[in-house]
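Colleague: Contents of start.cif (mmCIF, C-alpha atoms) are given next:
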```
data_input
loop_
_atom_site.label_atom_id
_atom_site.label_comp_id
_atom_site.auth_asym_id
_atom_site.auth_seq_id
_atom_site.Cartn_x
_atom_site.Cartn_y
_atom_site.Cartn_z
CA MET E 882 88.95 148.54 125.60
CA ALA E 883 86.35 151.12 126.56
CA ARG E 884 88.81 152.91 128.81
CA HIS E 885 90.85 153.81 125.72
CA HIS E 886 88.01 155.37 123.73
CA THR E 887 88.79 158.89 122.60
CA PHE E 888 86.55 161.90 123.17
CA LEU E 889 85.45 161.80 119.53
CA GLU E 890 84.64 158.08 119.72
CA ARG E 891 82.45 158.72 122.75
CA LEU E 892 80.89 161.79 121.14
CA PHE E 893 79.86 159.88 118.01
CA ASP E 894 78.74 156.74 119.82
CA LEU E 895 75.12 156.45 118.67
CA LYS E 896 73.99 154.01 121.38
CA PRO E 897 73.21 156.62 124.09
CA TYR E 898 71.20 158.65 121.58
CA ALA E 899 69.32 155.55 120.40
CA SER E 900 68.61 154.62 124.01
CA ALA E 901 67.22 158.06 124.88
CA PHE E 902 65.09 158.16 121.72
CA SER E 903 63.72 154.63 122.25
CA THR E 904 62.91 155.31 125.89
CA ALA E 905 60.92 158.41 124.98
CA LEU E 906 59.14 156.67 122.10
CA LEU E 907 58.68 153.10 123.34
CA GLY E 908 59.30 153.07 127.07
CA TRP E 909 56.36 155.03 128.40
CA HIS E 910 53.85 152.13 128.67
CA PRO E 911 54.31 148.43 129.64
CA ALA E 912 52.18 147.17 126.74
CA LEU E 913 54.29 149.14 124.27
CA ARG E 914 57.45 147.76 125.85
CA ARG E 915 56.17 144.21 125.51
CA SER E 916 55.16 144.63 121.89
CA THR E 917 58.47 146.20 120.86
CA GLY E 918 60.75 144.13 123.09
CA TYR E 919 62.18 147.21 124.74
CA PHE E 920 62.90 146.92 128.48
CA PRO E 921 65.21 149.83 129.39
CA ASP E 922 65.22 149.81 133.21
CA PHE E 923 65.08 147.49 136.21
CA ALA E 924 62.78 146.26 138.97
CA TRP E 925 62.73 143.55 141.64
CA PRO E 926 59.22 142.03 142.03
CA ALA E 927 59.50 141.42 145.78
CA ASP E 928 55.78 140.60 146.05
CA ARG E 929 56.15 137.69 143.60
CA ALA E 930 59.64 136.46 144.44
CA ARG E 931 59.92 133.30 146.55
CA VAL E 932 63.43 133.45 147.97
CA ILE E 933 65.17 130.07 148.07
CA SER E 934 68.68 131.24 148.95
CA ASP E 935 70.12 134.69 149.62
CA GLU E 936 73.78 134.81 150.60
CA THR E 937 76.16 137.74 150.92
CA ARG E 938 79.83 136.73 150.99
CA ARG E 939 82.77 138.95 151.82
CA HIS E 940 85.51 138.50 149.24
CA ARG E 941 88.28 136.20 150.34
CA LEU E 942 90.88 138.51 148.78
CA CYS E 943 90.18 140.77 151.77
CA ALA E 944 91.73 138.14 154.08
CA PRO E 945 95.16 138.99 155.59
CA GLY E 946 96.94 136.32 153.54
CA TYR E 947 96.23 138.31 150.36
CA ASP E 948 97.11 141.77 151.74
CA ALA E 949 100.39 142.14 149.83
CA ALA E 950 98.97 140.94 146.51
CA ARG E 951 95.84 143.06 146.93
CA ALA E 952 97.92 146.17 147.57
CA ILE E 953 99.74 145.63 144.27
CA VAL E 954 96.69 145.04 142.06
CA MET E 955 94.85 148.01 143.58
CA ARG E 956 97.59 150.43 142.45
CA HIS E 957 96.91 151.84 138.97
CA ASN E 958 93.73 149.80 139.21
CA ALA E 959 91.35 149.51 136.24
CA ASP E 960 88.53 147.47 137.82
CA VAL E 961 85.23 148.22 136.11
CA MET E 962 82.62 149.51 138.55
CA ASN E 963 78.86 149.55 138.21
CA GLY E 964 77.63 152.43 140.33
CA LEU E 965 74.01 151.48 139.65
CA GLU E 966 74.36 148.13 141.46
CA THR E 967 72.95 148.43 144.99
CA ALA E 968 72.47 144.80 146.08
CA CYS E 969 75.63 144.82 148.22
CA THR E 970 78.87 146.65 148.92
CA GLY E 971 82.04 146.54 146.79
CA ASP E 972 83.89 144.07 149.00
CA THR E 973 81.07 141.52 148.95
CA THR E 974 79.09 139.50 146.44
CA ARG E 975 75.41 138.70 146.94
CA THR E 976 73.91 135.66 145.25
CA MET E 977 70.14 135.31 145.03
CA ILE E 978 68.24 132.16 144.08
CA ALA E 979 64.50 132.75 143.83
CA GLY E 980 61.36 131.62 142.06
CA ILE E 981 59.43 134.40 140.30
CA GLY E 982 56.11 134.45 138.49
CA GLY E 983 54.93 136.65 135.63
CA VAL E 984 58.20 136.70 133.70
CA LEU E 985 58.81 137.50 130.04
CA ILE E 986 62.01 136.40 128.29
CA PRO E 987 62.71 138.25 125.01
CA GLY E 988 64.49 136.29 122.30
CA HIS E 989 66.90 139.03 121.25
CA THR E 990 68.49 139.50 124.68
CA VAL E 991 67.31 136.45 126.70
CA ILE E 992 67.21 138.58 129.85
CA PRO E 993 64.09 138.17 132.03
CA ALA E 994 61.67 141.05 132.35
CA ASP E 995 58.65 141.65 134.57
CA TYR E 996 55.55 141.11 132.44
CA ASP E 997 53.40 143.66 134.28
CA THR E 998 55.84 146.58 134.30
CA GLY E 999 58.08 145.82 131.32
CA ARG E 1000 61.24 146.20 133.40
CA GLN E 1001 64.24 143.89 133.50
CA ILE E 1002 64.29 141.76 136.63
CA SER E 1003 67.34 142.46 138.78
CA LEU E 1004 67.80 142.41 142.53
CA GLY E 1005 69.95 145.50 142.94
CA GLN E 1006 70.26 147.22 139.60
CA ARG E 1007 68.94 150.76 139.20
CA GLY E 1008 68.87 153.26 136.33
CA GLN E 1009 69.04 152.54 132.60
CA ALA E 1010 70.21 149.28 131.05
CA ARG E 1011 72.98 149.29 128.45
CA TRP E 1012 71.77 149.41 124.85
CA ALA E 1013 73.23 145.96 124.11
CA PHE E 1014 70.90 144.43 126.73
CA CYS E 1015 67.72 146.36 126.01
CA HIS E 1016 67.56 147.38 122.32
CA PRO E 1017 64.10 146.84 120.75
CA ALA E 1018 63.12 143.90 118.53
CA PRO E 1019 59.81 142.59 117.12
CA ILE E 1020 59.40 139.86 119.75
CA GLY E 1021 55.60 139.95 119.48
CA LEU E 1022 55.63 137.77 116.36
CA ARG E 1023 55.74 134.52 118.37
CA LYS E 1024 54.67 133.98 121.98
CA ILE E 1025 55.65 130.78 123.81
CA VAL E 1026 53.87 130.01 127.08
CA LEU E 1027 55.78 127.72 129.42
CA THR E 1028 54.18 125.90 132.33
CA GLU E 1029 57.46 124.18 133.26
CA ARG E 1030 60.07 125.72 135.50
CA CYS E 1031 62.52 127.72 133.36
CA LEU E 1032 65.73 129.69 133.51
CA ALA E 1033 67.41 131.95 130.93
CA ILE E 1034 71.06 131.90 129.87
CA PRO E 1035 71.83 135.17 128.06
CA PRO E 1036 74.19 135.14 125.04
CA VAL E 1037 77.44 136.00 126.82
CA PHE E 1038 80.56 135.37 124.72
CA HIS E 1039 83.23 136.36 127.24
CA PHE E 1040 84.52 133.06 128.63
CA GLY E 1041 85.34 134.39 132.11
CA HIS E 1042 82.04 136.17 132.69
CA LEU E 1043 80.05 133.29 131.20
CA LEU E 1044 81.66 130.73 133.50
CA THR E 1045 81.91 132.70 136.74
CA ASP E 1046 78.99 135.16 136.54
CA VAL E 1047 76.35 133.21 134.58
CA LEU E 1048 76.92 129.45 134.96
CA MET E 1049 78.21 129.40 138.54
CA PRO E 1050 75.01 130.90 140.04
CA ILE E 1051 73.09 128.20 138.16
CA CYS E 1052 75.35 125.64 139.84
CA GLU E 1053 74.32 127.21 143.14
CA ALA E 1054 70.66 126.82 142.13
CA VAL E 1055 71.38 123.13 141.56
CA ARG E 1056 73.21 122.85 144.88
CA VAL E 1057 70.37 124.33 146.92
CA GLY E 1058 67.70 122.31 145.10
CA ALA E 1059 66.05 125.08 143.09
CA ILE E 1060 66.83 122.87 140.07
CA ASP E 1061 66.29 119.23 140.95
CA LYS E 1062 65.81 115.78 139.40
CA ARG E 1063 62.10 115.56 140.18
CA GLU E 1064 60.79 117.71 137.35
CA GLU E 1065 61.87 119.18 134.05
CA THR E 1066 63.61 122.53 133.83
CA VAL E 1067 63.61 124.44 130.55
CA PHE E 1068 66.81 126.36 129.80
CA VAL E 1069 65.99 129.27 127.50
CA THR E 1070 68.91 130.29 125.27
CA ALA E 1071 69.72 131.96 121.97
CA SER E 1072 73.07 131.65 120.18
CA HIS E 1073 75.69 130.50 122.66
CA PRO E 1074 79.30 129.27 122.85
CA PRO E 1075 80.26 125.59 123.33
CA LEU E 1076 80.64 126.02 127.09
CA VAL E 1077 76.86 126.31 127.44
CA THR E 1078 76.32 123.17 125.37
CA ALA E 1079 78.76 121.27 127.60
CA PHE E 1080 77.13 122.59 130.76
CA LEU E 1081 73.64 121.47 129.68
CA HIS E 1082 75.00 118.13 128.52
CA GLY E 1083 76.60 117.65 131.93
CA LEU E 1084 73.32 118.32 133.72
CA LYS E 1085 71.57 115.76 131.54
CA ALA E 1086 74.35 113.22 132.13
CA LEU E 1087 73.86 113.62 135.88
CA GLY E 1088 70.17 112.78 135.53
CA TYR E 1089 68.60 116.25 135.64
CA PRO E 1090 65.54 116.33 133.35
CA ILE E 1091 66.25 119.47 131.36
CA ARG E 1092 65.18 120.79 127.98
CA GLN E 1093 66.78 123.55 125.93
CA LEU E 1094 64.57 126.09 124.19
CA VAL E 1095 66.49 128.14 121.62
CA LEU E 1096 64.76 131.45 120.92
CA LYS E 1097 64.88 133.50 117.76
CA ALA E 1098 65.09 137.27 117.99
CA THR E 1099 61.39 137.50 117.12
CA ASP E 1100 60.31 135.05 119.87
CA HIS E 1101 59.44 135.60 123.49
CA VAL E 1102 58.59 133.33 126.40
CA VAL E 1103 56.00 133.98 129.10
CA THR E 1104 56.19 131.90 132.28
CA GLU E 1105 54.91 131.81 135.84
CA ARG E 1106 57.80 129.65 137.07
CA TYR E 1107 61.08 131.42 136.51
CA VAL E 1108 64.26 130.58 138.46
CA TYR E 1109 66.32 133.69 139.21
CA ALA E 1110 69.94 132.62 139.78
CA ARG E 1111 72.32 135.54 139.76
CA SER E 1112 75.25 137.07 141.64
CA HIS E 1113 75.62 140.80 142.24
CA CYS E 1114 78.56 143.07 143.01
CA PRO E 1115 79.17 146.75 142.15
CA ASN E 1116 82.72 145.73 141.18
CA ILE E 1117 82.18 143.87 137.89
CA GLU E 1118 85.52 142.08 138.29
CA ARG E 1119 84.27 140.37 141.47
CA ILE E 1120 80.76 139.18 140.62
CA PHE E 1121 81.72 135.54 141.18
CA GLY E 1122 80.60 134.70 144.70
CA VAL E 1123 79.60 131.05 145.07
CA PRO E 1124 82.72 128.98 145.86
CA GLN E 1125 80.42 126.64 147.78
CA ALA E 1126 79.04 125.56 144.37
CA LEU E 1127 82.44 124.62 142.93
CA ASP E 1128 81.99 120.92 143.67
CA THR E 1129 78.64 121.05 141.85
CA ALA E 1130 80.30 122.72 138.86
CA ARG E 1131 83.09 120.14 138.84
CA ALA E 1132 80.54 117.32 138.84
CA ILE E 1133 78.59 118.88 135.97
CA PHE E 1134 81.62 119.41 133.74
CA ARG E 1135 83.14 116.03 134.60
CA ALA E 1136 79.88 114.42 133.51
CA ALA E 1137 79.89 116.52 130.33
CA TYR E 1138 83.45 115.50 129.45
CA ARG E 1139 83.30 111.88 130.60
CA GLY E 1140 85.37 109.76 128.23
CA HIS E 1141 87.04 112.82 126.69
CA PRO E 1142 90.78 112.11 126.32
CA VAL E 1143 93.02 114.56 128.16
CA THR E 1144 96.78 114.84 128.55
CA PRO E 1145 98.08 113.91 132.03
CA PRO E 1146 98.44 117.14 134.03
CA ALA E 1147 101.81 118.84 134.50
CA SER E 1148 102.95 120.41 137.74
CA LYS E 1149 103.86 123.70 136.02
CA LEU E 1150 101.49 125.20 133.45
CA TYR E 1151 101.63 128.31 131.28
CA LEU E 1152 98.50 129.43 129.39
CA ARG E 1153 99.62 131.05 126.14
CA ARG E 1154 97.74 133.70 124.19
CA ARG E 1155 97.84 133.49 120.40
CA ASN E 1156 96.04 135.11 117.48
CA GLN E 1157 94.55 137.80 119.74
CA ARG E 1158 94.00 141.43 118.79
CA LEU E 1159 93.61 142.48 122.42
CA ARG E 1160 96.35 142.43 125.04
CA VAL E 1161 99.23 141.32 122.83
CA VAL E 1162 102.38 140.92 124.95
CA GLU E 1163 105.69 141.77 123.35
CA GLY E 1164 108.27 139.26 124.55
CA GLU E 1165 105.85 136.42 125.31
CA ASP E 1166 107.39 134.08 122.69
CA ALA E 1167 110.82 134.40 124.33
CA LEU E 1168 109.22 133.91 127.75
CA VAL E 1169 107.56 130.70 126.56
CA GLU E 1170 110.90 129.33 125.35
CA ARG E 1171 112.45 129.95 128.76
CA LEU E 1172 109.53 128.39 130.63
CA GLU E 1173 109.55 125.30 128.39
CA ARG E 1174 113.20 124.77 129.22
CA ALA E 1175 112.29 125.06 132.90
CA GLY E 1176 109.73 122.25 132.61
CA PHE E 1177 106.51 124.19 132.07
CA ARG E 1178 103.78 122.71 129.93
CA ILE E 1179 102.61 125.34 127.41
CA PHE E 1180 98.87 125.19 126.75
CA GLU E 1181 96.73 127.32 124.44
CA PRO E 1182 93.17 127.56 125.77
CA GLY E 1183 90.20 128.07 123.47
CA TRP E 1184 86.45 127.58 123.31
CA GLY E 1185 86.90 124.07 121.91
CA ASN E 1186 89.22 122.59 124.55
CA HIS E 1187 87.56 123.36 127.88
CA ALA E 1188 87.87 119.73 129.00
CA GLU E 1189 91.65 119.94 128.59
CA GLN E 1190 91.72 123.37 130.26
CA MET E 1191 89.95 122.14 133.38
CA ALA E 1192 92.09 119.02 133.66
CA ALA E 1193 95.34 120.93 133.11
CA ILE E 1194 94.56 123.70 135.60
CA ALA E 1195 93.07 121.38 138.23
CA GLY E 1196 96.22 119.23 138.15
CA ALA E 1197 98.84 121.97 138.20
CA ASP E 1198 100.76 123.28 141.19
CA VAL E 1199 101.57 126.53 139.39
CA VAL E 1200 99.40 128.19 136.71
CA ALA E 1201 100.83 131.25 134.95
CA ALA E 1202 99.28 133.43 132.24
CA VAL E 1203 98.72 136.95 131.00
CA HIS E 1204 95.63 138.61 132.48
CA GLY E 1205 92.58 137.34 130.65
CA ALA E 1206 89.52 135.12 130.57
CA ALA E 1207 91.56 131.91 130.31
CA LEU E 1208 92.43 132.30 133.99
CA ALA E 1209 88.75 131.96 134.98
CA ASN E 1210 89.28 128.22 135.31
CA THR E 1211 91.65 128.91 138.22
CA ILE E 1212 88.55 128.71 140.41
CA PHE E 1213 89.06 124.95 139.91
CA CYS E 1214 92.70 124.95 141.09
CA LYS E 1215 93.64 122.32 143.64
CA PRO E 1216 94.28 123.41 147.23
CA GLY E 1217 97.69 124.97 147.67
CA ALA E 1218 98.20 125.79 143.99
CA THR E 1219 99.65 129.16 142.98
CA VAL E 1220 98.31 131.42 140.24
CA VAL E 1221 100.82 133.79 138.60
CA GLU E 1222 99.30 136.65 136.62
CA LEU E 1223 101.16 138.87 134.15
CA MET E 1224 99.69 142.34 133.68
CA ALA E 1225 100.59 145.83 132.55
CA SER E 1226 102.13 148.04 135.23
CA THR E 1227 99.77 150.94 134.57
CA SER E 1228 96.53 148.95 134.26
CA ARG E 1229 95.89 146.34 136.93
CA LYS E 1230 92.74 144.47 137.86
CA SER E 1231 91.70 142.38 140.86
CA THR E 1232 89.79 139.87 138.71
CA VAL E 1233 92.24 136.98 138.80
CA LEU E 1234 93.19 137.59 142.42
CA HIS E 1235 89.48 137.29 143.19
CA TRP E 1236 89.05 134.07 141.19
CA ALA E 1237 92.16 132.49 142.67
CA SER E 1238 91.38 133.46 146.27
CA GLU E 1239 87.77 132.29 146.11
CA GLY E 1240 89.00 128.94 144.81
CA GLY E 1241 91.56 128.73 147.61
CA ALA E 1242 94.73 129.22 145.55
CA GLY E 1243 97.71 131.46 146.20
CA TYR E 1244 98.35 134.42 143.94
CA VAL E 1245 101.49 136.15 142.64
CA PRO E 1246 101.24 139.29 140.43
CA VAL E 1247 104.04 139.94 137.91
CA LEU E 1248 104.17 143.35 136.24
CA GLY E 1249 105.28 144.20 132.72
CA GLY E 1250 105.61 147.58 131.05
CA PRO E 1251 102.98 150.30 130.71
CA GLU E 1252 99.77 149.58 128.82
CA GLY E 1253 99.51 150.74 125.22
CA ALA E 1254 96.87 150.53 122.49
CA ARG E 1255 94.41 147.63 122.77
CA GLN E 1256 95.74 146.91 126.27
CA SER E 1257 99.04 145.62 124.88
CA PHE E 1258 102.27 145.79 126.89
CA ALA E 1259 105.83 144.49 126.82
CA ILE E 1260 107.74 142.26 129.21
CA ASP E 1261 111.38 141.49 129.87
CA PRO E 1262 111.38 137.72 129.13
CA ALA E 1263 114.34 136.93 131.40
CA ALA E 1264 113.06 138.91 134.40
CA THR E 1265 109.51 137.65 133.92
CA ALA E 1266 110.62 134.03 133.68
CA GLU E 1267 112.65 134.49 136.86
CA ALA E 1268 109.60 135.94 138.67
CA ILE E 1269 107.42 133.03 137.54
CA LEU E 1270 110.02 130.47 138.58
CA ARG E 1271 110.15 132.04 142.03
CA ALA E 1272 106.47 131.16 142.32
CA VAL E 1273 107.48 127.48 142.04
CA GLU E 1274 109.36 127.81 145.32
CA PRO E 1275 107.53 126.75 148.52
CA ALA E 1276 107.13 130.36 149.66
CA PRO E 1277 106.61 132.51 146.54
CA ARG E 1278 107.76 136.09 146.75
CA LEU E 1279 106.33 139.14 145.06
CA HIS E 1280 107.93 140.39 141.86
CA ALA E 1281 110.68 142.85 142.71
CA GLY E 1282 109.32 145.33 140.14
CA ALA E 1283 106.03 145.59 141.97
#
```
Show the structure stored in the file as structure tokens.
Modeller:
Amino acid sequence: MARHHTFLERLFDLKPYASAFSTALLGWHPALRRSTGYFPDFAWPADRARVISDETRRHRLCAPGYDAARAIVMRHNADVMNGLETACTGDTTRTMIAGIGGVLIPGHTVIPADYDTGRQISLGQRGQARWAFCHPAPIGLRKIVLTERCLAIPPVFHFGHLLTDVLMPICEAVRVGAIDKREETVFVTASHPPLVTAFLHGLKALGYPIRQLVLKATDHVVTERYVYARSHCPNIERIFGVPQALDTARAIFRAAYRGHPVTPPASKLYLRRRNQRLRVVEGEDALVERLERAGFRIFEPGWGNHAEQMAAIAGADVVAAVHGAALANTIFCKPGATVVELMASTSRKSTVLHWASEGGAGYVPVLGGPEGARQSFAIDPAATAEAILRAVEPAPRLHAGA
């Protein structure tokens, strides 16, 4: 939505002014930062970081098999870029797993900071942090010292980013043994969506001795045994970079949802958006009717039905949906599956192409009309249904309107 902010909305946005004022008032000394919970910039404590795994992976969407699809999504492209990220180049993702000492975790952001300098710990980030991730809070009211190994899960409420950017690097930490079954690991959290609860439950069910520590905004943790598990990419749409950890993730969620009843998977699946203020698609109801007649199962994903989402997507040969976070689970598609993404013609992203390609699925973009307010757009139900049905064929073709 930020790309649609008007000049006046940007002019009267108070966050940049609050950030500049707080940096001048509170950011000039590490002790003042610690006492006020204000950590406005970044550092990588190379002298205290024990690197366990450091992998840079070139994005699979760069492979020749995705050339045609990539050319389409890169026209009128709206990928969000982070020019301050220097850990790797834009066509790669770098995932770092490391053990770090002298770490402070503030309860209001749950993002690790270097205790000595009062800077957020990040491998490649430079410059100033966004206000949402560094605003001050009275964290000095309660100090918790941890001697156990710990790891923070920040309060991310975007399903796609939470799954692919936050939880998947933790799966990689499990895969490489940075989190093991020999000793307890404390997961530091604040408020969080059900996906985090399921993830932690799955780890416990697999026999990992973990404990969850839920922080209040006035709390902070100090530890000498922090596990840094994070992926980096200057293209925010492509941060996911650990497909080698997908089997680990599958095992964790299967353990979490063991015994949970799910509907037998259908070969053709459409993920429907409902009751959304953002990205409302005019004509989707008529499209759904056509797809149902063609044998598609219509599924409405939500925070409370992740078990059903995973099972439905993992069992489908074709998964179609409007661009959005629900398609993040396409990283779990079975080999040879095809992902069909509907998006506005004037605002395209490479996010779902990236997820699908890293998971080994095929990808077909289908374009609707131009983007309007709140990223809404319209589709021709008949033409869109025809384009999706072509993806069912053994050799899917690109939408003629592309």
Colleague: Which residues come within 12 Å of segment 929-933 of chain E, counting all atoms listed in the file, excluding same-chain residues fewer than 3 positions away, as an NGL selection string?
Modeller: :E and (924-926 or 936 or 976-984 or 995-997 or 1002-1004 or 1053-1060 or 1105-1110)
Colleague: Counting all atoms listed in the file, which residue out of E:Arg1131, E:Arg1160, E:Arg1119, E:Arg1178 sits closest to His1204 of chain E?
Modeller: E:Arg1160
Colleague: Expand the PyMOL selection byres ((chain E and resi 1176) around 9) into the explicit residue set it covers here, and present it as a ChimeraX atom specification.
Modeller: /E:1147-1150,1172-1175,1177-1178
Colleague: Given the file shown, determine the residues that the PyMOL selection byres ((chain E and resi 1006-1010) around 12) selects; report them as a PyMOL selection string.
Modeller: chain E and resi 896-897+900-901+903-904+908+919-925+963-969+990+992+994+1000-1005+1011-1016+1111-1115
Colleague: Can you spell out as a PyMOL selection string the set of residues that the PyMOL selection byres ((chain E and resi 940) around 10) selects in the structure I just provided?
Modeller: chain E and resi 937-939+941-944+971-974+1119-1122+1235-1236+1238-1239
Colleague: Would you work out the distance separating atom CA of Val1067 of chain E from atom CA of Pro1090 of chain E, expressed in Å to one decimal?
Modeller: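 Interatomic distance here is 8.8 Å.
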